[in-house]
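entry.tsv (TSV, N, CA and C atoms)
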```tsv
chain	number	residue	atom	x	y	z
E	1	MET	N	14.25	-27.56	12.56
E	1	MET	CA	13.41	-28.49	11.85
E	1	MET	C	13.34	-28.10	10.38
E	2	GLU	N	13.66	-29.01	9.51
E	2	GLU	CA	13.63	-28.75	8.08
E	2	GLU	C	12.22	-29.03	7.55
E	3	THR	N	11.71	-28.07	6.76
E	3	THR	CA	10.38	-28.28	6.19
E	3	THR	C	10.51	-29.01	4.87
E	4	LYS	N	9.53	-29.84	4.60
E	4	LYS	CA	9.52	-30.62	3.37
E	4	LYS	C	9.21	-29.71	2.19
E	5	ARG	N	10.00	-29.83	1.12
E	5	ARG	CA	9.77	-29.05	-0.10
E	5	ARG	C	8.52	-29.53	-0.80
E	6	ILE	N	7.81	-28.59	-1.37
E	6	ILE	CA	6.66	-28.90	-2.22
E	6	ILE	C	7.08	-28.53	-3.62
E	7	TYR	N	7.10	-29.49	-4.50
E	7	TYR	CA	7.51	-29.20	-5.87
E	7	TYR	C	6.30	-28.82	-6.69
E	8	LEU	N	6.42	-27.67	-7.35
E	8	LEU	CA	5.31	-27.12	-8.10
E	8	LEU	C	5.27	-27.66	-9.52
E	9	GLY	N	4.08	-28.02	-9.96
E	9	GLY	CA	3.88	-28.36	-11.35
E	9	GLY	C	3.82	-27.08	-12.18
E	10	ASN	N	3.89	-27.23	-13.48
E	10	ASN	CA	3.89	-26.09	-14.38
E	10	ASN	C	2.66	-25.21	-14.20
E	11	LEU	N	1.47	-25.80	-14.22
E	11	LEU	CA	0.25	-25.00	-14.07
E	11	LEU	C	0.15	-24.41	-12.67
E	12	GLU	N	0.60	-25.13	-11.67
E	12	GLU	CA	0.58	-24.58	-10.31
E	12	GLU	C	1.44	-23.32	-10.23
E	13	LEU	N	2.62	-23.36	-10.81
E	13	LEU	CA	3.50	-22.20	-10.80
E	13	LEU	C	2.86	-21.04	-11.57
E	14	ILE	N	2.28	-21.33	-12.72
E	14	ILE	CA	1.65	-20.29	-13.53
E	14	ILE	C	0.49	-19.64	-12.76
E	15	VAL	N	-0.33	-20.44	-12.10
E	15	VAL	CA	-1.45	-19.90	-11.33
E	15	VAL	C	-0.95	-19.06	-10.16
E	16	LEU	N	0.08	-19.51	-9.47
E	16	LEU	CA	0.64	-18.73	-8.36
E	16	LEU	C	1.19	-17.39	-8.85
E	17	LEU	N	1.86	-17.38	-10.00
E	17	LEU	CA	2.38	-16.14	-10.54
E	17	LEU	C	1.24	-15.20	-10.93
E	18	ALA	N	0.16	-15.74	-11.47
E	18	ALA	CA	-1.02	-14.91	-11.79
E	18	ALA	C	-1.63	-14.33	-10.51
E	19	LEU	N	-1.68	-15.13	-9.45
E	19	LEU	CA	-2.18	-14.63	-8.16
E	19	LEU	C	-1.36	-13.46	-7.66
E	20	ILE	N	-0.05	-13.58	-7.75
E	20	ILE	CA	0.84	-12.50	-7.30
E	20	ILE	C	0.57	-11.24	-8.11
E	21	ARG	N	0.39	-11.38	-9.42
E	21	ARG	CA	0.15	-10.23	-10.29
E	21	ARG	C	-1.19	-9.56	-10.00
E	22	LEU	N	-2.22	-10.35	-9.70
E	22	LEU	CA	-3.57	-9.81	-9.51
E	22	LEU	C	-3.83	-9.25	-8.12
E	23	ARG	N	-3.06	-9.66	-7.16
E	23	ARG	CA	-3.23	-9.24	-5.76
E	23	ARG	C	-4.62	-9.56	-5.25
E	24	GLU	N	-5.36	-8.56	-4.77
E	24	GLU	CA	-6.65	-8.80	-4.11
E	24	GLU	C	-7.79	-9.12	-5.07
E	25	HIS	N	-7.57	-9.03	-6.36
E	25	HIS	CA	-8.63	-9.28	-7.34
E	25	HIS	C	-8.58	-10.71	-7.88
E	26	ALA	N	-7.98	-11.62	-7.17
E	26	ALA	CA	-7.72	-12.96	-7.71
E	26	ALA	C	-8.84	-13.94	-7.39
E	27	TYR	N	-9.61	-14.22	-8.40
E	27	TYR	CA	-10.55	-15.34	-8.35
E	27	TYR	C	-10.49	-15.99	-9.73
E	28	GLY	N	-11.21	-17.07	-9.92
E	28	GLY	CA	-11.05	-17.92	-11.09
E	28	GLY	C	-10.96	-17.24	-12.44
E	29	LEU	N	-11.96	-16.44	-12.81
E	29	LEU	CA	-12.00	-15.85	-14.14
E	29	LEU	C	-10.84	-14.87	-14.38
E	30	PRO	N	-10.56	-13.92	-13.49
E	30	PRO	CA	-9.41	-13.05	-13.73
E	30	PRO	C	-8.08	-13.79	-13.78
E	31	ILE	N	-7.95	-14.86	-13.01
E	31	ILE	CA	-6.72	-15.66	-13.05
E	31	ILE	C	-6.57	-16.28	-14.44
E	32	SER	N	-7.65	-16.88	-14.92
E	32	SER	CA	-7.63	-17.49	-16.25
E	32	SER	C	-7.30	-16.45	-17.33
E	33	ARG	N	-7.90	-15.27	-17.24
E	33	ARG	CA	-7.64	-14.20	-18.21
E	33	ARG	C	-6.20	-13.70	-18.12
E	34	GLU	N	-5.69	-13.56	-16.92
E	34	GLU	CA	-4.31	-13.08	-16.72
E	34	GLU	C	-3.33	-14.04	-17.39
E	35	ILE	N	-3.56	-15.32	-17.23
E	35	ILE	CA	-2.68	-16.33	-17.84
E	35	ILE	C	-2.77	-16.22	-19.36
E	36	GLU	N	-3.99	-16.15	-19.88
E	36	GLU	CA	-4.18	-16.07	-21.32
E	36	GLU	C	-3.54	-14.81	-21.91
E	37	GLU	N	-3.76	-13.67	-21.26
E	37	GLU	CA	-3.23	-12.40	-21.78
E	37	GLU	C	-1.72	-12.30	-21.63
E	38	THR	N	-1.18	-12.84	-20.56
E	38	THR	CA	0.25	-12.69	-20.29
E	38	THR	C	1.10	-13.67	-21.08
E	39	ILE	N	0.68	-14.92	-21.16
E	39	ILE	CA	1.53	-15.92	-21.83
E	39	ILE	C	0.85	-16.58	-23.03
E	40	SER	N	-0.30	-16.03	-23.42
E	40	SER	CA	-1.03	-16.56	-24.58
E	40	SER	C	-1.31	-18.06	-24.48
E	41	ARG	N	-1.72	-18.46	-23.31
E	41	ARG	CA	-2.06	-19.87	-23.07
E	41	ARG	C	-3.47	-19.94	-22.52
E	42	GLU	N	-4.34	-20.62	-23.23
E	42	GLU	CA	-5.71	-20.80	-22.74
E	42	GLU	C	-5.73	-21.87	-21.67
E	43	VAL	N	-6.41	-21.55	-20.58
E	43	VAL	CA	-6.54	-22.51	-19.49
E	43	VAL	C	-8.02	-22.57	-19.13
E	44	ALA	N	-8.57	-23.76	-19.13
E	44	ALA	CA	-9.98	-23.94	-18.78
E	44	ALA	C	-10.21	-23.48	-17.34
E	45	LEU	N	-11.32	-22.82	-17.13
E	45	LEU	CA	-11.66	-22.33	-15.80
E	45	LEU	C	-11.69	-23.47	-14.78
E	46	ALA	N	-12.19	-24.63	-15.20
E	46	ALA	CA	-12.22	-25.78	-14.29
E	46	ALA	C	-10.81	-26.20	-13.88
E	47	SER	N	-9.85	-26.08	-14.79
E	47	SER	CA	-8.46	-26.41	-14.46
E	47	SER	C	-7.88	-25.41	-13.47
E	48	VAL	N	-8.24	-24.14	-13.63
E	48	VAL	CA	-7.77	-23.10	-12.69
E	48	VAL	C	-8.30	-23.40	-11.30
E	49	TYR	N	-9.60	-23.70	-11.20
E	49	TYR	CA	-10.17	-23.97	-9.88
E	49	TYR	C	-9.62	-25.25	-9.27
E	50	ALA	N	-9.41	-26.28	-10.07
E	50	ALA	CA	-8.82	-27.53	-9.55
E	50	ALA	C	-7.41	-27.26	-9.02
E	51	THR	N	-6.66	-26.44	-9.75
E	51	THR	CA	-5.30	-26.09	-9.33
E	51	THR	C	-5.33	-25.27	-8.04
E	52	LEU	N	-6.24	-24.31	-7.96
E	52	LEU	CA	-6.36	-23.50	-6.74
E	52	LEU	C	-6.72	-24.36	-5.54
E	53	GLU	N	-7.61	-25.31	-5.71
E	53	GLU	CA	-7.96	-26.21	-4.60
E	53	GLU	C	-6.76	-27.03	-4.16
E	54	ARG	N	-5.99	-27.52	-5.13
E	54	ARG	CA	-4.79	-28.30	-4.82
E	54	ARG	C	-3.77	-27.43	-4.08
E	55	LEU	N	-3.58	-26.19	-4.56
E	55	LEU	CA	-2.63	-25.28	-3.91
E	55	LEU	C	-3.09	-24.92	-2.49
E	56	GLU	N	-4.40	-24.78	-2.31
E	56	GLU	CA	-4.91	-24.48	-0.98
E	56	GLU	C	-4.69	-25.66	-0.04
E	57	SER	N	-4.88	-26.88	-0.54
E	57	SER	CA	-4.66	-28.06	0.32
E	57	SER	C	-3.20	-28.20	0.72
E	58	LYS	N	-2.30	-27.66	-0.10
E	58	LYS	CA	-0.86	-27.69	0.21
E	58	LYS	C	-0.44	-26.50	1.09
E	59	GLY	N	-1.37	-25.59	1.37
E	59	GLY	CA	-1.06	-24.43	2.20
E	59	GLY	C	-0.36	-23.31	1.45
E	60	LEU	N	-0.40	-23.35	0.12
E	60	LEU	CA	0.30	-22.34	-0.68
E	60	LEU	C	-0.58	-21.15	-1.02
E	61	VAL	N	-1.89	-21.33	-0.94
E	61	VAL	CA	-2.84	-20.23	-1.10
E	61	VAL	C	-3.90	-20.36	-0.02
E	62	SER	N	-4.55	-19.25	0.26
E	62	SER	CA	-5.71	-19.24	1.15
E	62	SER	C	-6.85	-18.60	0.37
E	63	SER	N	-8.06	-18.78	0.86
E	63	SER	CA	-9.19	-18.19	0.17
E	63	SER	C	-10.21	-17.66	1.16
E	64	GLU	N	-11.03	-16.76	0.65
E	64	GLU	CA	-12.12	-16.22	1.46
E	64	GLU	C	-13.27	-15.86	0.53
E	65	LEU	N	-14.47	-15.93	1.06
E	65	LEU	CA	-15.64	-15.58	0.27
E	65	LEU	C	-15.87	-14.08	0.33
E	66	GLY	N	-16.17	-13.50	-0.83
E	66	GLY	CA	-16.54	-12.09	-0.88
E	66	GLY	C	-18.03	-11.96	-0.61
E	67	GLU	N	-18.55	-10.78	-0.85
E	67	GLU	CA	-19.97	-10.53	-0.68
E	67	GLU	C	-20.76	-11.12	-1.86
E	68	PRO	N	-21.96	-11.59	-1.62
E	68	PRO	CA	-22.81	-12.06	-2.72
E	68	PRO	C	-23.06	-10.91	-3.70
E	69	THR	N	-23.11	-11.25	-4.99
E	69	THR	CA	-23.34	-10.21	-6.00
E	69	THR	C	-24.55	-10.57	-6.85
E	70	PRO	N	-25.35	-9.55	-7.21
E	70	PRO	CA	-26.54	-9.81	-8.02
E	70	PRO	C	-26.21	-10.43	-9.38
E	71	GLU	N	-25.09	-10.00	-10.00
E	71	GLU	CA	-24.74	-10.52	-11.32
E	71	GLU	C	-24.36	-12.00	-11.28
E	72	ARG	N	-24.12	-12.52	-10.11
E	72	ARG	CA	-23.82	-13.95	-9.96
E	72	ARG	C	-25.00	-14.69	-9.32
E	73	GLY	N	-26.17	-14.09	-9.41
E	73	GLY	CA	-27.36	-14.73	-8.84
E	73	GLY	C	-27.31	-14.85	-7.33
E	74	GLY	N	-26.67	-13.88	-6.68
E	74	GLY	CA	-26.57	-13.88	-5.23
E	74	GLY	C	-25.44	-14.71	-4.67
E	75	ARG	N	-24.64	-15.31	-5.54
E	75	ARG	CA	-23.51	-16.11	-5.06
E	75	ARG	C	-22.30	-15.21	-4.84
E	76	ALA	N	-21.47	-15.61	-3.92
E	76	ALA	CA	-20.25	-14.86	-3.61
E	76	ALA	C	-19.07	-15.41	-4.40
E	77	LYS	N	-18.13	-14.52	-4.70
E	77	LYS	CA	-16.88	-14.95	-5.34
E	77	LYS	C	-15.93	-15.45	-4.26
E	78	ARG	N	-15.12	-16.43	-4.60
E	78	ARG	CA	-14.07	-16.90	-3.70
E	78	ARG	C	-12.76	-16.28	-4.16
E	79	TYR	N	-12.19	-15.44	-3.30
E	79	TYR	CA	-10.93	-14.76	-3.61
E	79	TYR	C	-9.77	-15.56	-3.03
E	80	PHE	N	-8.71	-15.67	-3.81
E	80	PHE	CA	-7.54	-16.44	-3.42
E	80	PHE	C	-6.35	-15.52	-3.19
E	81	HIS	N	-5.52	-15.88	-2.22
E	81	HIS	CA	-4.32	-15.10	-1.87
E	81	HIS	C	-3.17	-16.07	-1.69
E	82	ILE	N	-2.01	-15.69	-2.17
E	82	ILE	CA	-0.82	-16.53	-1.96
E	82	ILE	C	-0.38	-16.37	-0.51
E	83	THR	N	0.04	-17.45	0.10
E	83	THR	CA	0.53	-17.42	1.48
E	83	THR	C	2.04	-17.20	1.49
E	84	ALA	N	2.59	-16.96	2.67
E	84	ALA	CA	4.04	-16.82	2.80
E	84	ALA	C	4.74	-18.10	2.33
E	85	LYS	N	4.15	-19.24	2.66
E	85	LYS	CA	4.70	-20.52	2.22
E	85	LYS	C	4.66	-20.61	0.69
E	86	GLY	N	3.59	-20.14	0.07
E	86	GLY	CA	3.48	-20.13	-1.38
E	86	GLY	C	4.54	-19.24	-2.02
E	87	LEU	N	4.77	-18.07	-1.43
E	87	LEU	CA	5.81	-17.17	-1.95
E	87	LEU	C	7.19	-17.82	-1.86
E	88	ARG	N	7.45	-18.51	-0.75
E	88	ARG	CA	8.74	-19.21	-0.60
E	88	ARG	C	8.91	-20.26	-1.69
E	89	GLU	N	7.86	-21.03	-1.96
E	89	GLU	CA	7.95	-22.08	-2.97
E	89	GLU	C	8.16	-21.50	-4.36
E	90	VAL	N	7.49	-20.40	-4.68
E	90	VAL	CA	7.70	-19.75	-5.97
E	90	VAL	C	9.14	-19.28	-6.09
E	91	HIS	N	9.67	-18.67	-5.04
E	91	HIS	CA	11.04	-18.18	-5.04
E	91	HIS	C	12.03	-19.34	-5.20
E	92	GLN	N	11.83	-20.43	-4.46
E	92	GLN	CA	12.73	-21.58	-4.55
E	92	GLN	C	12.66	-22.24	-5.92
E	93	THR	N	11.47	-22.28	-6.51
E	93	THR	CA	11.32	-22.85	-7.84
E	93	THR	C	12.05	-21.99	-8.87
E	94	ARG	N	11.93	-20.68	-8.74
E	94	ARG	CA	12.64	-19.78	-9.65
E	94	ARG	C	14.16	-19.99	-9.55
E	95	GLN	N	14.67	-20.08	-8.33
E	95	GLN	CA	16.10	-20.30	-8.14
E	95	GLN	C	16.55	-21.61	-8.79
E	96	ALA	N	15.78	-22.67	-8.58
E	96	ALA	CA	16.15	-23.98	-9.13
E	96	ALA	C	16.14	-23.95	-10.66
E	97	LEU	N	15.10	-23.37	-11.24
E	97	LEU	CA	15.02	-23.31	-12.70
E	97	LEU	C	16.12	-22.45	-13.30
E	98	THR	N	16.44	-21.35	-12.65
E	98	THR	CA	17.51	-20.48	-13.13
E	98	THR	C	18.84	-21.22	-13.14
E	99	LYS	N	19.11	-22.01	-12.10
E	99	LYS	CA	20.34	-22.80	-12.05
E	99	LYS	C	20.39	-23.82	-13.19
E	100	LEU	N	19.25	-24.44	-13.46
E	100	LEU	CA	19.21	-25.44	-14.53
E	100	LEU	C	19.39	-24.82	-15.91
E	101	TRP	N	18.88	-23.60	-16.12
E	101	TRP	CA	18.97	-22.95	-17.42
E	101	TRP	C	20.35	-22.38	-17.73
E	102	LYS	N	21.14	-22.08	-16.70
E	102	LYS	CA	22.45	-21.45	-16.92
E	102	LYS	C	23.38	-22.34	-17.72
E	103	ARG	N	24.12	-21.72	-18.60
E	103	ARG	CA	25.16	-22.36	-19.41
E	103	ARG	C	24.65	-23.53	-20.25
E	104	LEU	N	23.46	-23.37	-20.82
E	104	LEU	CA	22.95	-24.36	-21.75
E	104	LEU	C	23.04	-23.76	-23.15
E	105	PRO	N	24.03	-24.15	-23.92
E	105	PRO	CA	24.22	-23.53	-25.24
E	105	PRO	C	23.01	-23.69	-26.15
E	106	GLN	N	22.25	-24.76	-25.96
E	106	GLN	CA	21.07	-24.99	-26.80
E	106	GLN	C	20.00	-23.92	-26.58
E	107	LEU	N	20.03	-23.26	-25.43
E	107	LEU	CA	19.00	-22.28	-25.10
E	107	LEU	C	19.50	-20.84	-25.21
E	108	GLU	N	20.75	-20.65	-25.53
E	108	GLU	CA	21.29	-19.30	-25.67
E	108	GLU	C	20.92	-18.75	-27.04
E	109	GLY	N	20.65	-17.45	-27.10
E	109	GLY	CA	20.38	-16.81	-28.38
E	109	GLY	C	18.95	-16.88	-28.84
E	110	GLY	N	18.02	-17.21	-27.97
E	110	GLY	CA	16.61	-17.14	-28.34
E	110	GLY	C	15.99	-18.48	-28.68
E	111	VAL	N	15.00	-18.41	-29.54
E	111	VAL	CA	14.16	-19.57	-29.86
E	111	VAL	C	14.93	-20.55	-30.74
E	112	VAL	N	14.76	-21.82	-30.44
E	112	VAL	CA	15.40	-22.89	-31.21
E	112	VAL	C	14.53	-23.27	-32.36
```

Taking this structure as input, can you express it in the form of structure tokens?
Amino acid sequence: METKRIYLGNLELIVLLALIRLREHAYGLPISREIEETISREVALASVYATLERLESKGLVSSELGEPTPERGGRAKRYFHITAKGLREVHQTRQALTKLWKRLPQLEGGVV
């Protein structure tokens, strides 16, 4: 049985890569900071959470609630983890993009 491909949008891929980098510490604010620090791109926290919800509905990430914390007024953080399906999609997206980038003279030699 062939599984249907899920094509990742740019922000979805960026959020998944941040999740992989952060491992067990992945919730909204650290994800947003990781993206900003790594690629110098500001991403609104609301956009990160909307993307995480979309990725979870696609089965590419899972989430769990942590313990309530006093600094959050007794609310718990929701931690996100990439699933095996999510890792496969990231890998397949990387392969596809690498194939598209190969032998493009306009992109050789750095910034245009």

Shortest interatomic distance to Leu45 (chain E) - which of E:Tyr27, E:Arg75, E:Ile20, E:Leu13, counting only C-alpha atoms: E:Tyr27

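Each of E:Arg33, E:Arg78, E:Lys58, E:Arg23 was checked against Ile6 (chain E) using all atoms listed in the file; the smallest atom-to-atom distance is that of E:Lys58.
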
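Take atom C of Glu37 (chain E) and CA of Pro68 (chain E): the distance between them is 28.3 Å.
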
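The space separating CA of Arg94 (chain E) from CA of Glu64 (chain E) comes to 27.4 Å.
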
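Atom pair CA of Arg72 (chain E) / atom N of Gly28 (chain E) has a distance of 13.0 Å (rounded to one decimal).
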
Please supply region 95-106 of chain E, rebuilt with all heavy atoms, as an mmCIF file, keeping the file's coordinate frame.
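Saved file part09.cif follows:
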```
data_model
loop_
_atom_site.group_PDB
_atom_site.id
_atom_site.type_symbol
_atom_site.label_atom_id
_atom_site.label_comp_id
_atom_site.auth_asym_id
_atom_site.auth_seq_id
_atom_site.Cartn_x
_atom_site.Cartn_y
_atom_site.Cartn_z
ATOM 1 N N GLN E 95 14.670 -20.080 -8.330
ATOM 2 C CA GLN E 95 16.100 -20.300 -8.140
ATOM 3 C C GLN E 95 16.550 -21.610 -8.790
ATOM 4 O O GLN E 95 17.577 -21.656 -9.465
ATOM 5 C CB GLN E 95 16.448 -20.312 -6.652
ATOM 6 C CG GLN E 95 16.442 -18.948 -6.012
ATOM 7 C CD GLN E 95 16.805 -19.026 -4.541
ATOM 8 O OE1 GLN E 95 16.380 -19.933 -3.818
ATOM 9 N NE2 GLN E 95 17.598 -18.073 -4.086
ATOM 10 N N ALA E 96 15.780 -22.670 -8.580
ATOM 11 C CA ALA E 96 16.150 -23.980 -9.130
ATOM 12 C C ALA E 96 16.140 -23.950 -10.660
ATOM 13 O O ALA E 96 17.073 -24.450 -11.300
ATOM 14 C CB ALA E 96 15.189 -25.052 -8.610
ATOM 15 N N LEU E 97 15.100 -23.370 -11.240
ATOM 16 C CA LEU E 97 15.020 -23.310 -12.700
ATOM 17 C C LEU E 97 16.120 -22.450 -13.300
ATOM 18 O O LEU E 97 16.690 -22.789 -14.343
ATOM 19 C CB LEU E 97 13.639 -22.810 -13.143
ATOM 20 C CG LEU E 97 12.482 -23.764 -12.873
ATOM 21 C CD1 LEU E 97 11.152 -23.099 -13.196
ATOM 22 C CD2 LEU E 97 12.646 -25.051 -13.650
ATOM 23 N N THR E 98 16.440 -21.350 -12.650
ATOM 24 C CA THR E 98 17.510 -20.480 -13.130
ATOM 25 C C THR E 98 18.840 -21.220 -13.140
ATOM 26 O O THR E 98 19.601 -21.135 -14.102
ATOM 27 C CB THR E 98 17.607 -19.208 -12.262
ATOM 28 O OG1 THR E 98 16.348 -18.515 -12.338
ATOM 29 C CG2 THR E 98 18.711 -18.288 -12.734
ATOM 30 N N LYS E 99 19.110 -22.010 -12.100
ATOM 31 C CA LYS E 99 20.340 -22.800 -12.050
ATOM 32 C C LYS E 99 20.390 -23.820 -13.190
ATOM 33 O O LYS E 99 21.430 -24.035 -13.806
ATOM 34 C CB LYS E 99 20.468 -23.523 -10.709
ATOM 35 C CG LYS E 99 20.825 -22.628 -9.557
ATOM 36 C CD LYS E 99 20.878 -23.419 -8.263
ATOM 37 C CE LYS E 99 21.132 -22.521 -7.080
ATOM 38 N NZ LYS E 99 21.125 -23.267 -5.816
ATOM 39 N N LEU E 100 19.250 -24.440 -13.460
ATOM 40 C CA LEU E 100 19.210 -25.440 -14.530
ATOM 41 C C LEU E 100 19.390 -24.820 -15.910
ATOM 42 O O LEU E 100 19.991 -25.428 -16.795
ATOM 43 C CB LEU E 100 17.877 -26.202 -14.482
ATOM 44 C CG LEU E 100 17.731 -27.202 -13.350
ATOM 45 C CD1 LEU E 100 16.294 -27.681 -13.239
ATOM 46 C CD2 LEU E 100 18.673 -28.388 -13.560
ATOM 47 N N TRP E 101 18.880 -23.600 -16.120
ATOM 48 C CA TRP E 101 18.970 -22.950 -17.420
ATOM 49 C C TRP E 101 20.350 -22.380 -17.730
ATOM 50 O O TRP E 101 20.704 -22.205 -18.885
ATOM 51 C CB TRP E 101 17.960 -21.798 -17.509
ATOM 52 C CG TRP E 101 16.587 -22.233 -17.913
ATOM 53 C CD1 TRP E 101 16.268 -23.133 -18.877
ATOM 54 C CD2 TRP E 101 15.361 -21.783 -17.371
ATOM 55 N NE1 TRP E 101 14.909 -23.267 -18.964
ATOM 56 C CE2 TRP E 101 14.319 -22.453 -18.055
ATOM 57 C CE3 TRP E 101 15.029 -20.871 -16.368
ATOM 58 C CZ2 TRP E 101 12.987 -22.231 -17.770
ATOM 59 C CZ3 TRP E 101 13.699 -20.660 -16.092
ATOM 60 C CH2 TRP E 101 12.694 -21.329 -16.786
ATOM 61 N N LYS E 102 21.140 -22.080 -16.700
ATOM 62 C CA LYS E 102 22.450 -21.450 -16.920
ATOM 63 C C LYS E 102 23.380 -22.340 -17.720
ATOM 64 O O LYS E 102 23.429 -23.550 -17.528
ATOM 65 C CB LYS E 102 23.100 -21.097 -15.579
ATOM 66 C CG LYS E 102 22.483 -19.881 -14.943
ATOM 67 C CD LYS E 102 23.249 -19.483 -13.710
ATOM 68 C CE LYS E 102 22.623 -18.230 -13.141
ATOM 69 N NZ LYS E 102 23.279 -17.802 -11.930
ATOM 70 N N ARG E 103 24.120 -21.720 -18.600
ATOM 71 C CA ARG E 103 25.160 -22.360 -19.410
ATOM 72 C C ARG E 103 24.650 -23.530 -20.250
ATOM 73 O O ARG E 103 25.313 -24.554 -20.383
ATOM 74 C CB ARG E 103 26.327 -22.776 -18.526
ATOM 75 C CG ARG E 103 27.071 -21.577 -17.927
ATOM 76 C CD ARG E 103 28.289 -21.974 -17.133
ATOM 77 N NE ARG E 103 28.071 -22.952 -16.077
ATOM 78 C CZ ARG E 103 27.598 -22.678 -14.858
ATOM 79 N NH1 ARG E 103 27.285 -21.463 -14.536
ATOM 80 N NH2 ARG E 103 27.469 -23.632 -13.970
ATOM 81 N N LEU E 104 23.460 -23.370 -20.820
ATOM 82 C CA LEU E 104 22.950 -24.360 -21.750
ATOM 83 C C LEU E 104 23.040 -23.760 -23.150
ATOM 84 O O LEU E 104 22.211 -22.926 -23.523
ATOM 85 C CB LEU E 104 21.494 -24.733 -21.435
ATOM 86 C CG LEU E 104 21.283 -25.532 -20.145
ATOM 87 C CD1 LEU E 104 19.803 -25.736 -19.903
ATOM 88 C CD2 LEU E 104 22.006 -26.857 -20.207
ATOM 89 N N PRO E 105 24.030 -24.150 -23.920
ATOM 90 C CA PRO E 105 24.220 -23.530 -25.240
ATOM 91 C C PRO E 105 23.010 -23.690 -26.150
ATOM 92 O O PRO E 105 22.746 -22.845 -26.987
ATOM 93 C CB PRO E 105 25.439 -24.250 -25.820
ATOM 94 C CG PRO E 105 25.822 -25.308 -24.866
ATOM 95 C CD PRO E 105 25.017 -25.164 -23.618
ATOM 96 N N GLN E 106 22.250 -24.760 -25.960
ATOM 97 C CA GLN E 106 21.070 -24.990 -26.800
ATOM 98 C C GLN E 106 20.000 -23.920 -26.580
ATOM 99 O O GLN E 106 19.156 -23.708 -27.443
ATOM 100 C CB GLN E 106 20.425 -26.354 -26.515
ATOM 101 C CG GLN E 106 21.341 -27.533 -26.686
ATOM 102 C CD GLN E 106 22.070 -27.900 -25.401
ATOM 103 O OE1 GLN E 106 22.450 -27.065 -24.591
ATOM 104 N NE2 GLN E 106 22.281 -29.204 -25.213
#
```
